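Following: one structure in structure tokens, then a few remarks.
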Amino acid sequence: RKVQLPCVQVAKKVKYTLSQLHFDKQGRQKNLHQAFKLFSLDTLAKNSILILVDDVTTTGATLVELSKLVKEARPDIRIRGLVLARHNG
């Protein structure tokens, strides 16, 4: 069965960051602080479910940072994460 879901880019990385490979969990969170800018959230219906997609995760710092930003801007949105690969390093 084919599922048709809308795809909307809601964030863009606006700050250069060092590679996350060099940091522990706390360092990764600091490295990503204020690295993203949100946009297009107003196009999402009230109480929408937003699926954030990350290509690779180790500690989940990128999804955590983006989730915080979305929840601050739109507390009505429910957030889910989808990761394509996990790095255990």
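Letters for chains follow the order of the structure tokens (A, B, ...), residue numbers begin at 1 for each chain, and ligand numbers begin at 1 in the order shown.
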
Requested in this report: Would you mind listing what lies within 8 Å of A:Gly81 as a ChimeraX atom specification, with only C-alpha atoms counted and same-chain residues fewer than 4 positions away left out?
Outcome: /A:51-54,63

**Report entry** For A:Leu32: contacts at 12 Å, only C-alpha atoms, fewer than 5 positions along chain excluded, given as an MDAnalysis selection string
**Finding:** chainID A and resid 13:20 23 25:27 37 60:66 68:69

Query raised in the report: Between A:Val8, A:Ile49, A:Thr57, A:Arg74, which one has atoms that come closest to A:His87, using only C-alpha atoms?
Result: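 Of A:Val8, A:Ile49, A:Thr57, A:Arg74, the one nearest A:His87, counting only C-alpha atoms, is A:Thr57.
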
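Pairwise distance (atom CA of A:Leu44, atom CA of A:Pro6) equals 9.9 Å.
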
**Report entry** Proximity to A:Thr59 - best of A:Val10, A:Leu21, A:Leu82, A:Leu5, only C-alpha atoms
**Finding:**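 Smallest distance to A:Thr59 is found for A:Leu21.
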
**Report entry** All helix (DSSP H, G or I) positions in chain A, as a ChimeraX atom specification
**Finding:** /A:20-22,25-32,41-43,61-73

Requested in this report: Using only C-alpha atoms, pick whichever of A:Thr58, A:Pro75, A:Ser48, A:Leu84 has the shortest atom-to-atom distance to A:Gln29.
Outcome: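 Counting only C-alpha atoms, the residue closest to A:Gln29 is A:Thr58.
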
Requested in this report: Check the DSSP output for the backbone and give back, as number ranges by chain, the residues of chain A in strand (DSSP E).
Outcome: A: 11-13, 36-38, 49-57, 78-86

**Report entry** Interatomic distance (Å, one decimal) between atom CA of A:Lys71 and atom CA of A:Asp42
**Finding:** 13.0 Å
